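J.: Input file: final_28.cif. Contents: mmCIF, C-alpha atoms (C1' of nucleotides).
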data_data
#
loop_
_atom_site.label_atom_id
_atom_site.label_comp_id
_atom_site.auth_asym_id
_atom_site.auth_seq_id
_atom_site.Cartn_x
_atom_site.Cartn_y
_atom_site.Cartn_z
CA MET A 1110 -12.27 15.17 -111.70
CA ASP A 1111 -8.91 16.52 -110.57
CA ASP A 1112 -7.08 14.20 -112.94
CA PRO A 1113 -5.18 16.48 -115.30
CA ARG A 1114 -4.98 13.66 -117.85
CA ALA A 1115 -8.65 13.58 -118.70
CA GLU A 1116 -8.72 17.35 -118.71
CA ILE A 1117 -5.83 17.53 -121.14
CA ALA A 1118 -7.52 15.09 -123.51
CA LEU A 1119 -10.60 17.27 -123.32
CA LEU A 1120 -8.54 20.37 -124.02
CA LEU A 1121 -7.05 18.78 -127.09
CA ARG A 1122 -10.50 18.07 -128.47
CA ARG A 1123 -11.67 21.56 -127.67
CA LEU A 1124 -8.59 23.01 -129.32
CA ASN A 1125 -9.37 20.98 -132.40
CA VAL A 1126 -12.92 22.27 -132.47
CA GLU A 1127 -11.74 25.86 -132.16
CA LEU A 1128 -9.12 25.48 -134.87
CA ASP A 1129 -11.79 24.12 -137.17
CA ALA A 1130 -13.94 27.08 -136.28
CA VAL A 1131 -11.08 29.39 -137.25
CA ALA A 1132 -10.85 27.73 -140.64
CA ALA A 1133 -14.62 27.93 -141.04
CA ARG A 1134 -14.54 31.63 -140.18
CA PHE A 1135 -11.83 32.29 -142.73
CA ALA A 1136 -13.84 30.34 -145.30
CA GLU A 1137 -16.99 32.30 -144.65
CA LEU A 1138 -15.17 35.62 -144.69
CA HIS A 1139 -13.87 34.90 -148.18
CA GLY A 1140 -16.87 33.04 -149.56
CA LEU A 1141 -15.05 29.74 -149.75
CA GLY A 1142 -15.84 26.19 -148.74
CA ARG A 1143 -13.86 24.21 -146.19
CA THR A 1144 -12.17 22.15 -148.85
CA ASP A 1145 -11.08 25.32 -150.60
CA VAL A 1146 -9.43 26.59 -147.44
CA ARG A 1147 -7.64 23.30 -146.88
CA ALA A 1148 -6.42 23.39 -150.45
CA LEU A 1149 -5.28 27.00 -150.14
CA VAL A 1150 -3.36 26.15 -146.97
CA ALA A 1151 -1.74 23.16 -148.67
CA ILE A 1152 -0.67 25.31 -151.62
CA MET A 1153 0.62 28.05 -149.33
CA ASP A 1154 2.59 25.56 -147.25
CA ALA A 1155 4.16 24.13 -150.38
CA ALA A 1156 4.97 27.60 -151.65
CA ARG A 1157 6.58 28.41 -148.31
CA ARG A 1158 8.82 25.42 -148.82
CA GLY A 1159 9.74 26.79 -152.24
CA GLN A 1160 7.93 24.24 -154.38
CA ALA A 1161 4.75 24.78 -156.37
CA LEU A 1162 2.07 22.14 -155.99
CA THR A 1163 0.65 20.46 -159.08
CA ALA A 1164 -3.02 19.65 -159.41
CA GLY A 1165 -2.38 15.98 -158.79
CA ALA A 1166 -0.26 16.62 -155.72
CA LEU A 1167 -2.98 18.85 -154.34
CA GLY A 1168 -5.47 16.06 -154.91
CA SER A 1169 -3.53 13.61 -152.80
CA ALA A 1170 -2.79 16.29 -150.22
CA VAL A 1171 -6.47 16.94 -149.55
CA GLU A 1172 -7.74 13.45 -150.47
CA LEU A 1173 -9.79 14.42 -153.47
CA SER A 1174 -10.46 12.76 -156.80
CA SER A 1175 -9.06 14.31 -159.94
CA ALA A 1176 -12.49 15.48 -161.01
CA SER A 1177 -12.99 17.26 -157.70
CA VAL A 1178 -9.54 18.83 -157.96
CA THR A 1179 -10.42 20.25 -161.33
CA ALA A 1180 -13.61 21.75 -159.94
CA LEU A 1181 -11.76 22.99 -156.87
CA VAL A 1182 -9.05 24.72 -158.87
CA ASP A 1183 -11.73 26.14 -161.14
CA ARG A 1184 -13.40 27.76 -158.14
CA LEU A 1185 -10.14 29.05 -156.73
CA GLU A 1186 -9.05 30.41 -160.09
CA ARG A 1187 -12.41 32.03 -160.78
CA VAL A 1188 -12.16 34.17 -157.66
CA GLY A 1189 -8.52 34.95 -158.42
CA HIS A 1190 -6.82 33.11 -155.56
CA VAL A 1191 -4.67 30.83 -157.70
CA ARG A 1192 -3.36 30.66 -161.24
CA ARG A 1193 -2.87 27.60 -163.44
CA VAL A 1194 0.64 27.55 -164.88
CA ARG A 1195 1.75 24.91 -167.37
CA ASP A 1196 5.01 23.31 -166.36
CA PRO A 1197 7.39 24.01 -169.28
CA GLU A 1198 9.38 20.84 -168.62
CA ASP A 1199 6.45 18.44 -168.44
CA ARG A 1200 3.62 20.06 -170.29
CA ARG A 1201 1.04 17.63 -168.88
CA ARG A 1202 1.44 19.15 -165.47
CA VAL A 1203 -0.38 22.17 -164.14
CA ALA A 1204 1.39 24.00 -161.35
CA LEU A 1205 -0.67 26.11 -158.96
CA GLU A 1206 0.50 29.59 -158.04
CA ILE A 1207 -1.09 31.59 -155.30
CA SER A 1208 -2.01 35.15 -156.11
CA ASP A 1209 -0.53 37.92 -154.00
CA SER A 1210 -3.95 38.93 -152.73
CA ALA A 1211 -4.70 35.44 -151.43
CA MET A 1212 -1.24 35.17 -149.94
CA SER A 1213 -1.57 38.42 -148.05
CA ALA A 1214 -5.10 37.60 -146.93
CA GLY A 1215 -3.92 34.30 -145.54
CA ALA A 1216 -0.88 35.85 -143.95
CA GLU A 1217 -3.01 38.53 -142.30
CA PHE A 1218 -5.50 36.03 -140.93
CA PHE A 1219 -3.30 33.13 -139.89
CA GLY A 1220 -0.32 35.33 -139.19
CA GLY A 1221 -2.40 37.12 -136.58
CA LEU A 1222 -3.23 33.81 -134.97
CA GLN A 1223 0.40 32.78 -135.02
CA ARG A 1224 1.41 36.09 -133.45
CA ASP A 1225 -1.07 35.60 -130.62
CA LEU A 1226 0.13 32.07 -130.09
CA VAL A 1227 3.70 33.27 -129.84
CA ALA A 1228 2.50 35.85 -127.34
CA VAL A 1229 1.00 33.07 -125.26
CA MET A 1230 4.34 31.32 -125.35
CA GLY A 1231 5.87 34.40 -123.83
CA ASP A 1232 4.37 33.26 -120.52
CA PHE A 1233 6.55 30.15 -120.61
CA ASP A 1234 10.27 29.78 -120.17
CA GLU A 1235 12.51 27.68 -122.37
CA ALA A 1236 12.28 24.54 -120.25
CA GLU A 1237 8.51 24.72 -120.16
CA LEU A 1238 8.27 25.22 -123.90
CA ALA A 1239 10.47 22.17 -124.35
CA VAL A 1240 8.01 20.16 -122.27
CA VAL A 1241 5.08 21.43 -124.33
CA ARG A 1242 6.92 20.67 -127.53
CA ARG A 1243 7.74 17.14 -126.42
CA PHE A 1244 4.15 16.53 -125.40
CA LEU A 1245 2.76 17.81 -128.67
CA GLN A 1246 5.17 15.67 -130.64
CA GLU A 1247 4.23 12.50 -128.82
CA ALA A 1248 0.53 13.29 -128.86
CA THR A 1249 0.64 14.02 -132.58
CA GLY A 1250 2.38 10.71 -133.16
CA VAL A 1251 -0.31 8.81 -131.29
CA VAL A 1252 -3.11 10.63 -133.03
CA ALA A 1253 -1.49 10.08 -136.41
CA GLY A 1254 -1.39 6.38 -135.66
CA HIS A 1255 -5.12 6.36 -135.04
CA ALA A 1256 -5.71 8.43 -138.14
CA ARG A 1257 -4.18 5.84 -140.47
CA ALA A 1258 -5.16 2.52 -138.89
CA SER A 1259 -7.93 2.21 -136.36
CA GLY A 1260 -5.66 0.03 -134.25
CA PRO A 1261 -2.04 1.23 -134.14
CA PRO A 1262 0.75 -1.20 -133.09
CA VAL A 1263 -0.60 -0.89 -129.60
CA CYS A 1264 -2.58 -3.93 -128.50
CA MET B 803 14.78 27.39 -137.24
CA ASP B 804 15.73 26.39 -133.70
CA ASP B 805 12.97 28.58 -132.33
CA PRO B 806 10.67 26.25 -130.40
CA ARG B 807 7.86 28.78 -130.77
CA ALA B 808 7.43 28.41 -134.49
CA GLU B 809 7.79 24.68 -134.17
CA ILE B 810 5.08 24.51 -131.53
CA ALA B 811 2.72 26.49 -133.72
CA LEU B 812 3.47 24.06 -136.52
CA LEU B 813 2.85 21.12 -134.22
CA LEU B 814 -0.52 22.51 -133.25
CA ARG B 815 -1.52 22.73 -136.88
CA ARG B 816 -0.29 19.23 -137.59
CA LEU B 817 -2.14 17.92 -134.56
CA ASN B 818 -5.28 19.52 -135.87
CA VAL B 819 -4.80 17.89 -139.26
CA GLU B 820 -4.31 14.49 -137.68
CA LEU B 821 -7.32 14.83 -135.43
CA ASP B 822 -9.40 15.68 -138.47
CA ALA B 823 -7.99 12.63 -140.18
CA VAL B 824 -9.08 10.53 -137.22
CA ALA B 825 -12.61 11.83 -137.54
CA ALA B 826 -12.54 11.23 -141.28
CA ARG B 827 -11.33 7.66 -140.74
CA PHE B 828 -14.10 6.99 -138.26
CA ALA B 829 -16.60 8.42 -140.74
CA GLU B 830 -15.35 6.23 -143.55
CA LEU B 831 -15.30 3.13 -141.36
CA HIS B 832 -18.97 3.58 -140.55
CA GLY B 833 -20.15 4.92 -143.90
CA LEU B 834 -20.88 8.36 -142.54
CA GLY B 835 -20.13 11.90 -143.64
CA ARG B 836 -18.08 14.37 -141.65
CA THR B 837 -21.12 16.28 -140.55
CA ASP B 838 -22.66 13.05 -139.28
CA VAL B 839 -19.62 12.36 -137.14
CA ARG B 840 -19.65 15.86 -135.72
CA ALA B 841 -23.31 15.47 -134.91
CA LEU B 842 -22.77 12.09 -133.30
CA VAL B 843 -19.99 13.52 -131.16
CA ALA B 844 -22.18 16.44 -130.12
CA ILE B 845 -25.00 14.09 -129.15
CA MET B 846 -22.63 11.82 -127.27
CA ASP B 847 -21.08 14.73 -125.41
CA ALA B 848 -24.51 15.94 -124.40
CA ALA B 849 -25.50 12.44 -123.32
CA ARG B 850 -22.33 12.21 -121.27
CA ARG B 851 -23.43 15.36 -119.46
CA GLY B 852 -26.78 13.70 -118.82
CA GLN B 853 -28.91 15.77 -121.15
CA ALA B 854 -30.42 14.65 -124.44
CA LEU B 855 -29.99 17.00 -127.37
CA THR B 856 -33.02 18.15 -129.32
CA ALA B 857 -32.92 18.49 -133.08
CA GLY B 858 -32.82 22.26 -132.84
CA ALA B 859 -29.99 22.25 -130.32
CA LEU B 860 -28.07 19.89 -132.56
CA GLY B 861 -28.58 22.27 -135.45
CA SER B 862 -27.02 25.17 -133.62
CA ALA B 863 -24.28 22.95 -132.23
CA VAL B 864 -23.06 21.96 -135.68
CA GLU B 865 -24.14 25.16 -137.46
CA LEU B 866 -26.73 23.62 -139.73
CA SER B 867 -30.09 24.78 -141.02
CA SER B 868 -33.23 23.05 -139.83
CA ALA B 869 -33.71 21.38 -143.18
CA SER B 870 -30.23 19.91 -143.04
CA VAL B 871 -30.77 18.74 -139.48
CA THR B 872 -33.83 16.81 -140.56
CA ALA B 873 -31.87 15.12 -143.34
CA LEU B 874 -28.99 14.50 -140.97
CA VAL B 875 -31.17 12.88 -138.31
CA ASP B 876 -32.90 10.88 -141.02
CA ARG B 877 -29.57 9.41 -142.11
CA LEU B 878 -28.47 8.71 -138.56
CA GLU B 879 -31.81 7.12 -137.70
CA ARG B 880 -31.88 5.03 -140.88
CA VAL B 881 -28.60 3.32 -140.00
CA GLY B 882 -29.73 2.89 -136.40
CA HIS B 883 -27.32 5.26 -134.66
CA VAL B 884 -29.95 7.49 -133.05
CA ARG B 885 -33.62 7.38 -132.18
CA ARG B 886 -36.17 10.19 -132.27
CA VAL B 887 -37.99 10.45 -128.94
CA ARG B 888 -40.79 12.90 -128.22
CA ASP B 889 -40.12 14.90 -125.09
CA PRO B 890 -43.07 14.10 -122.77
CA GLU B 891 -42.82 17.47 -121.01
CA ASP B 892 -42.70 19.70 -124.06
CA ARG B 893 -44.26 17.66 -126.81
CA ARG B 894 -43.04 19.98 -129.52
CA ARG B 895 -39.51 18.80 -128.95
CA VAL B 896 -37.83 15.76 -130.39
CA ALA B 897 -34.98 14.45 -128.26
CA LEU B 898 -32.20 12.42 -129.86
CA GLU B 899 -31.06 9.25 -128.15
CA ILE B 900 -27.94 7.42 -129.20
CA SER B 901 -28.28 3.70 -129.74
CA ASP B 902 -26.11 1.38 -127.69
CA SER B 903 -24.33 0.13 -130.81
CA ALA B 904 -23.28 3.64 -131.84
CA MET B 905 -22.28 4.47 -128.29
CA SER B 906 -20.06 1.43 -127.97
CA ALA B 907 -18.58 1.95 -131.44
CA GLY B 908 -17.67 5.52 -130.52
CA ALA B 909 -16.34 4.48 -127.15
CA GLU B 910 -14.20 1.80 -128.74
CA PHE B 911 -12.76 4.13 -131.34
CA PHE B 912 -12.27 7.34 -129.40
CA GLY B 913 -11.75 5.56 -126.13
CA GLY B 914 -8.75 3.83 -127.67
CA LEU B 915 -7.37 7.18 -128.70
CA GLN B 916 -7.93 8.55 -125.24
CA ARG B 917 -6.21 5.54 -123.69
CA ASP B 918 -3.15 6.05 -125.89
CA LEU B 919 -3.09 9.74 -125.04
CA VAL B 920 -3.15 8.94 -121.36
CA ALA B 921 -0.32 6.51 -121.98
CA VAL B 922 1.68 9.34 -123.54
CA MET B 923 1.03 11.40 -120.46
CA GLY B 924 2.64 8.66 -118.43
CA ASP B 925 5.98 10.00 -119.67
CA PHE B 926 5.33 13.28 -117.86
CA ASP B 927 5.28 14.06 -114.18
CA GLU B 928 2.64 16.13 -112.44
CA ALA B 929 4.47 19.43 -112.78
CA GLU B 930 5.02 18.90 -116.49
CA LEU B 931 1.40 17.97 -117.06
CA ALA B 932 0.41 21.13 -115.27
CA VAL B 933 2.55 23.13 -117.69
CA VAL B 934 0.99 21.36 -120.68
CA ARG B 935 -2.47 21.96 -119.31
CA ARG B 936 -1.81 25.64 -118.74
CA PHE B 937 -0.42 26.02 -122.24
CA LEU B 938 -3.36 24.24 -123.85
CA GLN B 939 -5.80 26.36 -121.90
CA GLU B 940 -4.20 29.62 -122.98
CA ALA B 941 -3.73 28.47 -126.55
CA THR B 942 -7.35 27.35 -126.78
CA GLY B 943 -8.44 30.71 -125.48
CA VAL B 944 -6.46 32.56 -128.11
CA VAL B 945 -7.67 30.29 -130.90
CA ALA B 946 -11.25 30.62 -129.72
CA GLY B 947 -10.87 34.38 -129.92
CA HIS B 948 -9.81 34.11 -133.54
CA ALA B 949 -12.62 31.68 -134.26
CA ARG B 950 -15.33 34.16 -133.29
CA ALA B 951 -13.98 37.50 -134.41
CA SER B 952 -11.23 37.81 -136.94
CA GLY B 953 -9.64 40.49 -134.80
CA PRO B 954 -9.73 39.67 -131.08
CA PRO B 955 -9.25 42.48 -128.53
CA VAL B 956 -5.67 42.69 -129.72
CA CYS B 957 -4.99 45.67 -131.90
"C1'" DC C 1321 5.71 5.45 -185.80
"C1'" DC C 1322 3.52 2.69 -182.15
"C1'" DT C 1323 2.55 1.41 -177.53
"C1'" DA C 1324 2.32 2.02 -172.63
"C1'" DC C 1325 1.93 5.28 -169.22
"C1'" DT C 1326 0.86 9.72 -166.73
"C1'" DG C 1327 -1.47 13.99 -165.61
"C1'" DT C 1328 -5.37 16.75 -166.33
"C1'" DC C 1329 -9.92 17.70 -167.84
"C1'" DT C 1330 -15.16 16.66 -169.27
"C1'" DC C 1331 -19.51 14.39 -168.48
"C1'" DG C 1332 -23.42 12.46 -165.88
"C1'" DA C 1333 -25.22 11.04 -161.53
"C1'" DA C 1334 -25.50 11.05 -156.39
"C1'" DC C 1335 -25.60 13.49 -152.21
"C1'" DA C 1336 -25.54 17.29 -148.70
"C1'" DT C 1337 -26.92 21.69 -147.84
"C1'" DC C 1338 -29.74 25.75 -148.04
"C1'" DG C 1339 -34.04 29.12 -148.18
"C1'" DA C 1340 -38.82 29.44 -148.07
"C1'" DG C 1341 -42.97 27.82 -146.71
"C1'" DA C 1342 -46.26 24.30 -144.43
"C1'" DT C 1343 -47.57 21.56 -140.32
"C1'" DG C 1344 -48.30 20.47 -135.56
"C1'" DA C 1345 -47.85 21.51 -130.60
"C1'" DT C 1346 -47.72 24.86 -126.95
"C1'" DC C 1347 -48.11 29.32 -124.55
"C1'" DG C 1348 -50.14 33.87 -123.22
"C1'" DC C 1349 -53.74 36.91 -123.22
"C1'" DC C 1350 -58.49 38.24 -123.44
"C1'" DG D 381 -62.69 28.36 -123.83
"C1'" DG D 382 -60.91 30.66 -127.94
"C1'" DC D 383 -57.44 33.09 -130.84
"C1'" DG D 384 -53.21 34.71 -132.43
"C1'" DA D 385 -48.14 34.38 -131.54
"C1'" DT D 386 -44.30 31.40 -131.00
"C1'" DC D 387 -41.45 27.49 -131.38
"C1'" DA D 388 -39.63 23.01 -133.29
"C1'" DT D 389 -39.88 20.22 -136.98
"C1'" DC D 390 -40.72 18.63 -141.67
"C1'" DT D 391 -41.38 19.07 -147.05
"C1'" DC D 392 -40.03 20.94 -151.46
"C1'" DG D 393 -37.21 22.93 -155.13
"C1'" DA D 394 -32.60 24.80 -156.18
"C1'" DT D 395 -27.55 25.12 -155.69
"C1'" DG D 396 -23.02 23.44 -155.10
"C1'" DT D 397 -19.62 19.74 -154.12
"C1'" DT D 398 -18.11 15.25 -154.81
"C1'" DC D 399 -17.27 10.96 -157.26
"C1'" DG D 400 -16.57 7.23 -161.15
"C1'" DA D 401 -15.72 6.50 -165.81
"C1'" DG D 402 -13.80 7.89 -169.71
"C1'" DA D 403 -11.65 11.40 -173.11
"C1'" DC D 404 -7.71 14.22 -174.27
"C1'" DA D 405 -2.87 15.90 -174.38
"C1'" DG D 406 1.88 14.96 -173.37
"C1'" DT D 407 6.02 11.85 -172.29
"C1'" DA D 408 9.21 7.82 -172.50
"C1'" DG D 409 10.89 3.61 -174.65
"C1'" DG D 410 11.19 0.23 -178.36
#
Show this structure as structure tokens.
T.:
Amino acid sequence: MDDPRAEIALLLRRLNVELDAVAARFAELHGLGRTDVRALVAIMDAARRGQALTAGALGSAVELSSASVTALVDRLERVGHVRRVRDPEDRRRVALEISDSAMSAGAEFFGGLQRDLVAVMGDFDEAELAVVRRFLQEATGVVAGHARASGPPVC
Amino acid sequence: MDDPRAEIALLLRRLNVELDAVAARFAELHGLGRTDVRALVAIMDAARRGQALTAGALGSAVELSSASVTALVDRLERVGHVRRVRDPEDRRRVALEISDSAMSAGAEFFGGLQRDLVAVMGDFDEAELAVVRRFLQEATGVVAGHARASGPPVC
DNA sequence: CCTACTGTCTCGAACATCGAGATGATCGCC
DNA sequence: GGCGATCATCTCGATGTTCGAGACAGTAGG
């Protein structure tokens, strides 16, 4: 089994398992469910891009029905991780704002991971990182194809 | 944001999201839950290594209580994906055997993904694949550290 | 003002998971 | 052989998450 191809595919799966485990650990540490963590990450990512997520947008981001989103936001709001804020322009909408405590908790946890990952990258020069980046891009594209239709344009 | 480091970290996260989506798609296609898919994968991996998983081992593999494992195996057995088989040597144990239909369904779905991934690797030469492999190994190690203790040996 | 439409929330039911305890099979020791 | 300890599994009641259907504001256009 010298073939690096099979080993790389295996590594990708293992990496996926470990990343899930990281999310699970964060969830357990803060008394949250997995869905709650995914939602929190989605809201934080949106906030990082400068736009606040609405309840509906969060629902489609994490593939949840509107009823589940309401329950989800209820849980998150009850423990003080997010706030509901009525959009003054369209008063039907409810924007979701992350509390500072949740933001810093997330930054501490995932920021530490990011820091370690960057440290790993220190072992690679620019050309090598470019190779890694290209591989990850192509691999992500292929995986995304399988995620949306069981048979991508490949036949 | 030319820094390839931040972009690679982002790509890893996106890859994780897409891989989860693949699992979710497989689950939906076969009328299963996410836990069921994880369990099926664990059983298949064990079978691929030549050893049949017991119910207890499955429970610790997917971090589930014994009660949940019973319900899980019930569901899987009801739809014909696994069989309960008493271990003749230690008759307390119940080994789990995957049915051929489930095995071939999994092989078709994930095998197709693997095939496409290998095709992607065709765009890389041996030296580049070695770089990718080394990166994935180190990254997995770092992530695994964060998965088990929020603060790895780094201080 | 009335209608169509959108975004969010409430209600009831289904399902997965858990903790505690019961059952059955096996092992070690006397 | 017999008896308690141990291990793997199953049953039961309770909790929490999810969904579908429908109710309740709010908006846009005639």
J.: Please write the residues picked by the PyMOL selection byres ((chain B) within 6 of (chain A)) on this file as a PyMOL selection string.
T.: chain B and resi 810+817-818+820+823-824+934-935+942+946+949
J.: Evaluate the PyMOL selection byres ((chain D) within 12 of (chain B)) and record the selected residues as a ChimeraX atom specification, following the chain and residue labels used in the document.
T.: /D:386-392,398
J.: Output chain B as a CSV table (one decimal) with C-alpha atoms, in the coordinates of the input, after least-squares fitting it to chain A on all in-order C-alpha pairs.
T.:
chain,number,residue,atom,x,y,z
B,803,MET,CA,-12.3,15.0,-111.9
B,804,ASP,CA,-9.0,16.5,-110.6
B,805,ASP,CA,-7.1,14.2,-113.0
B,806,PRO,CA,-5.2,16.5,-115.3
B,807,ARG,CA,-4.9,13.7,-117.8
B,808,ALA,CA,-8.6,13.6,-118.7
B,809,GLU,CA,-8.7,17.3,-118.7
B,810,ILE,CA,-5.8,17.6,-121.1
B,811,ALA,CA,-7.4,15.1,-123.5
B,812,LEU,CA,-10.5,17.3,-123.3
B,813,LEU,CA,-8.5,20.4,-124.0
B,814,LEU,CA,-7.0,18.8,-127.0
B,815,ARG,CA,-10.4,18.1,-128.4
B,816,ARG,CA,-11.6,21.6,-127.7
B,817,LEU,CA,-8.5,23.0,-129.3
B,818,ASN,CA,-9.3,21.0,-132.4
B,819,VAL,CA,-12.9,22.3,-132.5
B,820,GLU,CA,-11.7,25.9,-132.2
B,821,LEU,CA,-9.1,25.5,-134.8
B,822,ASP,CA,-11.7,24.1,-137.2
B,823,ALA,CA,-13.9,27.1,-136.3
B,824,VAL,CA,-11.1,29.4,-137.3
B,825,ALA,CA,-10.8,27.7,-140.6
B,826,ALA,CA,-14.6,27.9,-141.1
B,827,ARG,CA,-14.5,31.6,-140.2
B,828,PHE,CA,-11.8,32.3,-142.7
B,829,ALA,CA,-13.8,30.3,-145.3
B,830,GLU,CA,-17.0,32.3,-144.6
B,831,LEU,CA,-15.1,35.6,-144.7
B,832,HIS,CA,-13.8,34.9,-148.2
B,833,GLY,CA,-16.9,33.1,-149.6
B,834,LEU,CA,-15.1,29.8,-149.7
B,835,GLY,CA,-15.9,26.2,-148.7
B,836,ARG,CA,-13.9,24.2,-146.2
B,837,THR,CA,-12.3,22.1,-148.9
B,838,ASP,CA,-11.2,25.3,-150.6
B,839,VAL,CA,-9.5,26.5,-147.5
B,840,ARG,CA,-7.7,23.2,-146.9
B,841,ALA,CA,-6.5,23.4,-150.5
B,842,LEU,CA,-5.3,26.9,-150.2
B,843,VAL,CA,-3.4,26.0,-147.0
B,844,ALA,CA,-1.8,23.1,-148.8
B,845,ILE,CA,-0.8,25.2,-151.7
B,846,MET,CA,0.6,27.9,-149.4
B,847,ASP,CA,2.5,25.4,-147.3
B,848,ALA,CA,4.0,24.0,-150.5
B,849,ALA,CA,4.9,27.5,-151.7
B,850,ARG,CA,6.5,28.2,-148.4
B,851,ARG,CA,8.7,25.2,-148.9
B,852,GLY,CA,9.6,26.6,-152.3
B,853,GLN,CA,7.8,24.1,-154.5
B,854,ALA,CA,4.6,24.7,-156.5
B,855,LEU,CA,1.9,22.1,-156.1
B,856,THR,CA,0.5,20.4,-159.2
B,857,ALA,CA,-3.2,19.7,-159.5
B,858,GLY,CA,-2.6,16.0,-158.9
B,859,ALA,CA,-0.5,16.5,-155.9
B,860,LEU,CA,-3.2,18.8,-154.5
B,861,GLY,CA,-5.7,16.1,-155.0
B,862,SER,CA,-3.8,13.6,-153.0
B,863,ALA,CA,-3.0,16.2,-150.4
B,864,VAL,CA,-6.7,16.9,-149.6
B,865,GLU,CA,-8.0,13.4,-150.6
B,866,LEU,CA,-10.0,14.4,-153.5
B,867,SER,CA,-10.8,12.8,-156.9
B,868,SER,CA,-9.4,14.4,-160.0
B,869,ALA,CA,-12.8,15.6,-161.1
B,870,SER,CA,-13.3,17.4,-157.8
B,871,VAL,CA,-9.8,18.9,-158.0
B,872,THR,CA,-10.7,20.4,-161.4
B,873,ALA,CA,-13.8,21.9,-160.0
B,874,LEU,CA,-11.9,23.1,-156.9
B,875,VAL,CA,-9.2,24.8,-158.9
B,876,ASP,CA,-11.8,26.3,-161.2
B,877,ARG,CA,-13.5,27.9,-158.2
B,878,LEU,CA,-10.2,29.1,-156.8
B,879,GLU,CA,-9.1,30.5,-160.1
B,880,ARG,CA,-12.4,32.2,-160.8
B,881,VAL,CA,-12.1,34.3,-157.6
B,882,GLY,CA,-8.5,35.0,-158.4
B,883,HIS,CA,-6.8,33.1,-155.6
B,884,VAL,CA,-4.7,30.8,-157.7
B,885,ARG,CA,-3.4,30.7,-161.3
B,886,ARG,CA,-2.9,27.6,-163.5
B,887,VAL,CA,0.7,27.6,-164.9
B,888,ARG,CA,2.0,25.0,-167.3
B,889,ASP,CA,5.2,23.4,-166.1
B,890,PRO,CA,7.8,24.2,-168.8
B,891,GLU,CA,9.8,21.1,-168.0
B,892,ASP,CA,7.0,18.5,-168.0
B,893,ARG,CA,4.3,20.1,-170.1
B,894,ARG,CA,1.7,17.6,-168.9
B,895,ARG,CA,1.7,19.2,-165.5
B,896,VAL,CA,-0.2,22.2,-164.3
B,897,ALA,CA,1.4,24.0,-161.4
B,898,LEU,CA,-0.8,26.1,-159.1
B,899,GLU,CA,0.5,29.5,-158.1
B,900,ILE,CA,-1.1,31.5,-155.3
B,901,SER,CA,-2.0,35.1,-156.1
B,902,ASP,CA,-0.5,37.8,-154.0
B,903,SER,CA,-3.9,38.9,-152.7
B,904,ALA,CA,-4.7,35.4,-151.4
B,905,MET,CA,-1.2,35.1,-150.0
B,906,SER,CA,-1.5,38.3,-148.1
B,907,ALA,CA,-5.1,37.6,-146.9
B,908,GLY,CA,-3.9,34.2,-145.5
B,909,ALA,CA,-0.8,35.8,-144.0
B,910,GLU,CA,-2.9,38.5,-142.3
B,911,PHE,CA,-5.4,36.0,-140.9
B,912,PHE,CA,-3.3,33.1,-139.9
B,913,GLY,CA,-0.3,35.3,-139.2
B,914,GLY,CA,-2.3,37.1,-136.6
B,915,LEU,CA,-3.2,33.8,-135.0
B,916,GLN,CA,0.4,32.8,-135.0
B,917,ARG,CA,1.4,36.1,-133.5
B,918,ASP,CA,-1.1,35.6,-130.6
B,919,LEU,CA,0.1,32.1,-130.1
B,920,VAL,CA,3.7,33.3,-129.8
B,921,ALA,CA,2.5,35.9,-127.3
B,922,VAL,CA,1.0,33.1,-125.2
B,923,MET,CA,4.3,31.4,-125.3
B,924,GLY,CA,5.9,34.5,-123.8
B,925,ASP,CA,4.4,33.3,-120.5
B,926,PHE,CA,6.6,30.2,-120.6
B,927,ASP,CA,10.3,29.9,-120.1
B,928,GLU,CA,12.5,27.8,-122.3
B,929,ALA,CA,12.3,24.6,-120.2
B,930,GLU,CA,8.5,24.8,-120.1
B,931,LEU,CA,8.3,25.3,-123.8
B,932,ALA,CA,10.5,22.3,-124.3
B,933,VAL,CA,8.1,20.2,-122.2
B,934,VAL,CA,5.1,21.5,-124.3
B,935,ARG,CA,7.0,20.7,-127.5
B,936,ARG,CA,7.8,17.2,-126.4
B,937,PHE,CA,4.2,16.6,-125.3
B,938,LEU,CA,2.8,17.9,-128.6
B,939,GLN,CA,5.3,15.8,-130.6
B,940,GLU,CA,4.3,12.6,-128.8
B,941,ALA,CA,0.6,13.3,-128.8
B,942,THR,CA,0.7,14.1,-132.5
B,943,GLY,CA,2.5,10.8,-133.1
B,944,VAL,CA,-0.2,8.9,-131.2
B,945,VAL,CA,-3.0,10.7,-133.0
B,946,ALA,CA,-1.4,10.1,-136.4
B,947,GLY,CA,-1.2,6.4,-135.6
B,948,HIS,CA,-5.0,6.4,-135.0
B,949,ALA,CA,-5.6,8.4,-138.1
B,950,ARG,CA,-4.0,5.8,-140.4
B,951,ALA,CA,-5.0,2.5,-138.8
B,952,SER,CA,-7.8,2.2,-136.4
B,953,GLY,CA,-5.6,0.0,-134.3
B,954,PRO,CA,-2.0,1.2,-134.0
B,955,PRO,CA,0.8,-1.3,-133.0
B,956,VAL,CA,-0.8,-1.3,-129.5
B,957,CYS,CA,-2.8,-4.4,-128.8
J.: Considering all atoms listed in the file, can you say which of C:DC1329, C:DA1324, C:DA1345, C:DC1335 comes closest to chain A?
T.: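 For chain A, the nearest of the candidates is C:DC1329.
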J.: In Å, how far is it from atom CA of Gly861 of chain B to atom CA of Thr837 of chain B?
T.: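 Atom CA of Gly861 of chain B sits 10.8 Å away from atom CA of Thr837 of chain B.
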J.: Using the chain letters and numbers from this file, what does the PyMOL selection byres ((chain C and resi 1349) around 12) select? Give the answer as an NGL selection string.
T.: (:C and (1347-1348 or 1350)) or (:D and (382-385))
